[in-house]
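Comments concern the structure below.
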Amino acid sequence: MTAAFSRFRRALASLTGIALSADKQYLAESRLGPVMRAHGVEDFAQFARMFENRDTDALVRDAMDAMTTNETFFFRDRAPFDEFRERVVPALVGARAREKRLRIWCAACSTGQEAYSLAMTLDSDSRALRGWSVEILGTDLSRAAIETARRGVFSQFEVQRGLPTSYLLRYFHRHDGDWRVNEHLRARVAFREFNLMSDFRDLGRFDVVFCRNVLLYFEPETQRNMLARLAEAMQDDGYLFLGASETAADASPCFTPGTSDGLWRRSAAARPRLLTA
Amino acid sequence: MKQVLVVDDSAVIRKVARRILEGMHFRTSEAADGKTALVECQKAMPDVILLDWNMPEMDGFEFLCTLRKMPNGAEPKVVFCTTENEVGHIAKAMHAGADEYIMKPFDQHILRSKFEEIGLA
């Protein structure tokens, strides 16, 4: 590992939480090559210095975009969406009957498929939520991913991975050879560029948080810190969806295991002891 | 082991689809047009039919309509797999009794995803 890569790793972890292992220098150089060329930077050592010093917003943003993983598709893994529809929504409909308000956050939503999948899930069984205020917020570190999510335009390949054809017909229309999410569904989801290392407090409190396959990119200490801050951003009886291989057990007693892999319940009794980032 | 009948006038597509499906632990058979596929269905009704639209003799849509009127013809799941990718075609196929719809080109991820949709992967 070169000194330049070491410097870049530290700066990336500090800025985004992403922990690159020491053997990922080839990955970083390969992903950052186009960014370096676009910004006229000739060698990686110079680039690492510029990134560390945050020379320009554009260079930092482009580098973060390049280093984030945007693998996603509609209804990915299916089971969390079944759980959301069959257990979580009915439970919240009962618990929020008076205020008739639900807030859902897709943290690290990438290009928006997960947030739109939740919107379709709620819309397809909308009777129980008639007259409710339902807010779905998708956030991601990558500006490019958020712009794609806002446009809601997906390729023929993307709409065929995980998306039932009945939903394609109901919620999409053809758009210059691609497929675009219909306006009424786009209006139900808000997207915002957001760094999970920053303060969550101005986002408000959520009833449900989807933060799947995110923690695995962070160091254990950063994971614990993030879980504590997620707990703080959730209602006392809220639901947290992690990736099936991720755990909130380290954040006990803020979360207790739910009824399926990856689902965690906010523990009403425990408020997190916030750690410094 | 479930049986999939691959119906497509392209020998290459039939070969690729069979290879993927056999990797998913299905038994497979094939037909090059709708008329031949109907004969296969009369002999033994498959569990799933992967169906092209544009074929000689009898196209996929006509095959589907005829199949659904046959005894036991409502039983197989039908997944269209075609270059026809306009909303009108997709809606027409689904209304006629197709269970899922694949727009070519496809790969193993798409095929697996669509078979999951019909509860068979």
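Residue names in the structure tokens use chain letters A, B, ... in the order shown, residue numbers from 1 in each chain, and ligand numbers from 1 in the order shown.
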
**OP:** Tell me the residues of chain B close to chain A, meaning within 10 Å using only C-alpha atoms, as an MDAnalysis selection string.
**Re:** chainID B and resid 85:88 90:91 94 99:107 109:114 116:118

**OP:** Skip range 104-110 of chain A itself and residues of its chain fewer than 2 positions away, then list as a ChimeraX atom specification all residues within 10 Å of it, counting only C-alpha atoms.
**Re:** /A:68-73,102,112-116,118-119,134-149,189-196,203,205-214,230,233-234,238-241

Original post:
Quick one: residues within 9 Å of range 48-50 of chain A, only C-alpha atoms counted, chain neighbours fewer than 2 positions away excluded, as a ChimeraX atom specification?
Top reply: /A:4-9,11,43-46,52-56,59-60

Using only C-alpha atoms, please write the residues we just selected to a file, as a short mmCIF file (atom, residue, chain, number, x, y, z; two decimals), in the first residue's frame.
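Generated file (out-v7.cif):
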```
data_model
loop_
_atom_site.label_atom_id
_atom_site.label_comp_id
_atom_site.auth_asym_id
_atom_site.auth_seq_id
_atom_site.Cartn_x
_atom_site.Cartn_y
_atom_site.Cartn_z
CA ALA A 4 -0.84 8.16 -1.21
CA PHE A 5 -3.42 5.38 -1.00
CA SER A 6 -3.13 5.33 2.76
CA ARG A 7 -3.82 9.09 2.81
CA PHE A 8 -6.79 8.67 0.47
CA ARG A 9 -8.25 5.83 2.60
CA ALA A 11 -9.69 10.92 4.07
CA ASP A 43 -0.82 11.18 -10.58
CA PHE A 44 -2.54 9.50 -7.67
CA ALA A 45 -0.30 11.08 -5.04
CA GLN A 46 -1.36 14.54 -6.18
CA GLU A 52 -7.50 15.09 1.61
CA ASN A 53 -7.30 18.89 1.49
CA ARG A 54 -10.75 19.06 -0.17
CA ASP A 55 -9.28 21.36 -2.83
CA THR A 56 -12.54 21.74 -4.74
CA LEU A 59 -13.34 16.97 -7.13
CA VAL A 60 -14.46 15.68 -3.73
#
```

Original post:
Within 10 Å of Gly34 in chain B, counting only C-alpha atoms, which residues qualify if same-chain residues fewer than 3 places away don't, as a ChimeraX atom specification?
Top reply: /B:7-9,31,37-40,51-64,66-67

**OP:** Looking only at helix (DSSP H, G or I) from DSSP on the backbone, list the matching residues of range 51-118 of chain B as a PyMOL selection string.
**Re:** chain B and resi 60-69+87-95+108-117

Original post:
Counting only C-alpha atoms, what is within 6 Å of Arg265 in chain A, bar same-chain residues fewer than 5 positions away, as a list in words?
Top reply: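 Contacts, in chain order: Tyr239, Phe255, Thr256 and Gly258 of chain A.
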
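Each of B:Ala11, B:His95, B:Gly119, B:Pro76 was checked against Pro46 in chain B using only C-alpha atoms; the smallest atom-to-atom distance is that of B:Pro76.
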
Subject >> DSSP strand (DSSP E) residues within range 48-242 of chain A, as a VMD selection string >> reply: chain A and resid 101 to 107 133 to 140 153 to 154 172 to 175 178 to 181 189 to 193 206 to 210 234 to 241

May I have the residues from that selection written out with C-alpha atoms, as a PDB file, in the first residue's frame?
```
ATOM      1  CA  ARG A 101     -48.927  10.104   9.374  1.00  0.00           C
ATOM      2  CA  LEU A 102     -46.054   7.871   8.288  1.00  0.00           C
ATOM      3  CA  ARG A 103     -42.486   8.850   7.546  1.00  0.00           C
ATOM      4  CA  ILE A 104     -40.152   6.390   5.794  1.00  0.00           C
ATOM      5  CA  TRP A 105     -36.478   6.925   5.089  1.00  0.00           C
ATOM      6  CA  CYS A 106     -34.412   5.025   2.547  1.00  0.00           C
ATOM      7  CA  ALA A 107     -30.910   5.848   3.675  1.00  0.00           C
ATOM      8  CA  SER A 133     -49.877  11.715   5.029  1.00  0.00           C
ATOM      9  CA  VAL A 134     -47.132   9.360   3.856  1.00  0.00           C
ATOM     10  CA  GLU A 135     -43.655  10.679   3.247  1.00  0.00           C
ATOM     11  CA  ILE A 136     -40.926   8.599   1.633  1.00  0.00           C
ATOM     12  CA  LEU A 137     -37.484  10.181   1.660  1.00  0.00           C
ATOM     13  CA  GLY A 138     -34.593   8.683  -0.300  1.00  0.00           C
ATOM     14  CA  THR A 139     -31.103   9.971   0.420  1.00  0.00           C
ATOM     15  CA  ASP A 140     -27.716   9.120  -0.970  1.00  0.00           C
ATOM     16  CA  VAL A 153     -35.878   6.876 -15.780  1.00  0.00           C
ATOM     17  CA  PHE A 154     -34.682   3.282 -15.879  1.00  0.00           C
ATOM     18  CA  PHE A 172     -44.217   3.219 -15.642  1.00  0.00           C
ATOM     19  CA  HIS A 173     -44.467   4.530 -19.173  1.00  0.00           C
ATOM     20  CA  ARG A 174     -42.114   4.379 -22.151  1.00  0.00           C
ATOM     21  CA  HIS A 175     -39.633   7.241 -22.315  1.00  0.00           C
ATOM     22  CA  ASP A 178     -36.351   3.559 -21.518  1.00  0.00           C
ATOM     23  CA  TRP A 179     -39.056   3.446 -18.856  1.00  0.00           C
ATOM     24  CA  ARG A 180     -40.040   6.312 -16.583  1.00  0.00           C
ATOM     25  CA  VAL A 181     -41.838   6.165 -13.260  1.00  0.00           C
ATOM     26  CA  VAL A 189     -41.016  10.132  -3.112  1.00  0.00           C
ATOM     27  CA  ALA A 190     -38.576  12.924  -2.281  1.00  0.00           C
ATOM     28  CA  PHE A 191     -34.872  12.511  -2.951  1.00  0.00           C
ATOM     29  CA  ARG A 192     -32.056  14.414  -1.344  1.00  0.00           C
ATOM     30  CA  GLU A 193     -28.261  14.309  -1.480  1.00  0.00           C
ATOM     31  CA  PHE A 206     -39.033   8.326  11.027  1.00  0.00           C
ATOM     32  CA  ASP A 207     -41.388   5.405  11.577  1.00  0.00           C
ATOM     33  CA  VAL A 208     -39.461   3.113   9.236  1.00  0.00           C
ATOM     34  CA  VAL A 209     -35.843   3.266   8.093  1.00  0.00           C
ATOM     35  CA  PHE A 210     -34.406   1.160   5.287  1.00  0.00           C
ATOM     36  CA  MET A 234     -36.552   6.994  14.738  1.00  0.00           C
ATOM     37  CA  GLN A 235     -39.819   6.913  16.624  1.00  0.00           C
ATOM     38  CA  ASP A 236     -39.656   4.820  19.784  1.00  0.00           C
ATOM     39  CA  ASP A 237     -41.661   2.018  18.165  1.00  0.00           C
ATOM     40  CA  GLY A 238     -40.063   2.333  14.729  1.00  0.00           C
ATOM     41  CA  TYR A 239     -38.754  -0.359  12.414  1.00  0.00           C
ATOM     42  CA  LEU A 240     -35.258  -0.612  10.984  1.00  0.00           C
ATOM     43  CA  PHE A 241     -34.486  -2.739   7.926  1.00  0.00           C
TER      44      PHE A 241
END
```

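If only C-alpha atoms are the atoms counted, then among B:Cys81, B:His25, B:Met1, B:Lys69 the closest residue to Ile13 in chain B is B:Cys81.
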
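The coordinates place CA of Phe74 in chain A at 28.8 Å from CA of Ala251 in chain A.
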
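What separates CA of Gly262 in chain A from CA of Arg188 in chain A is a distance of 25.2 Å.
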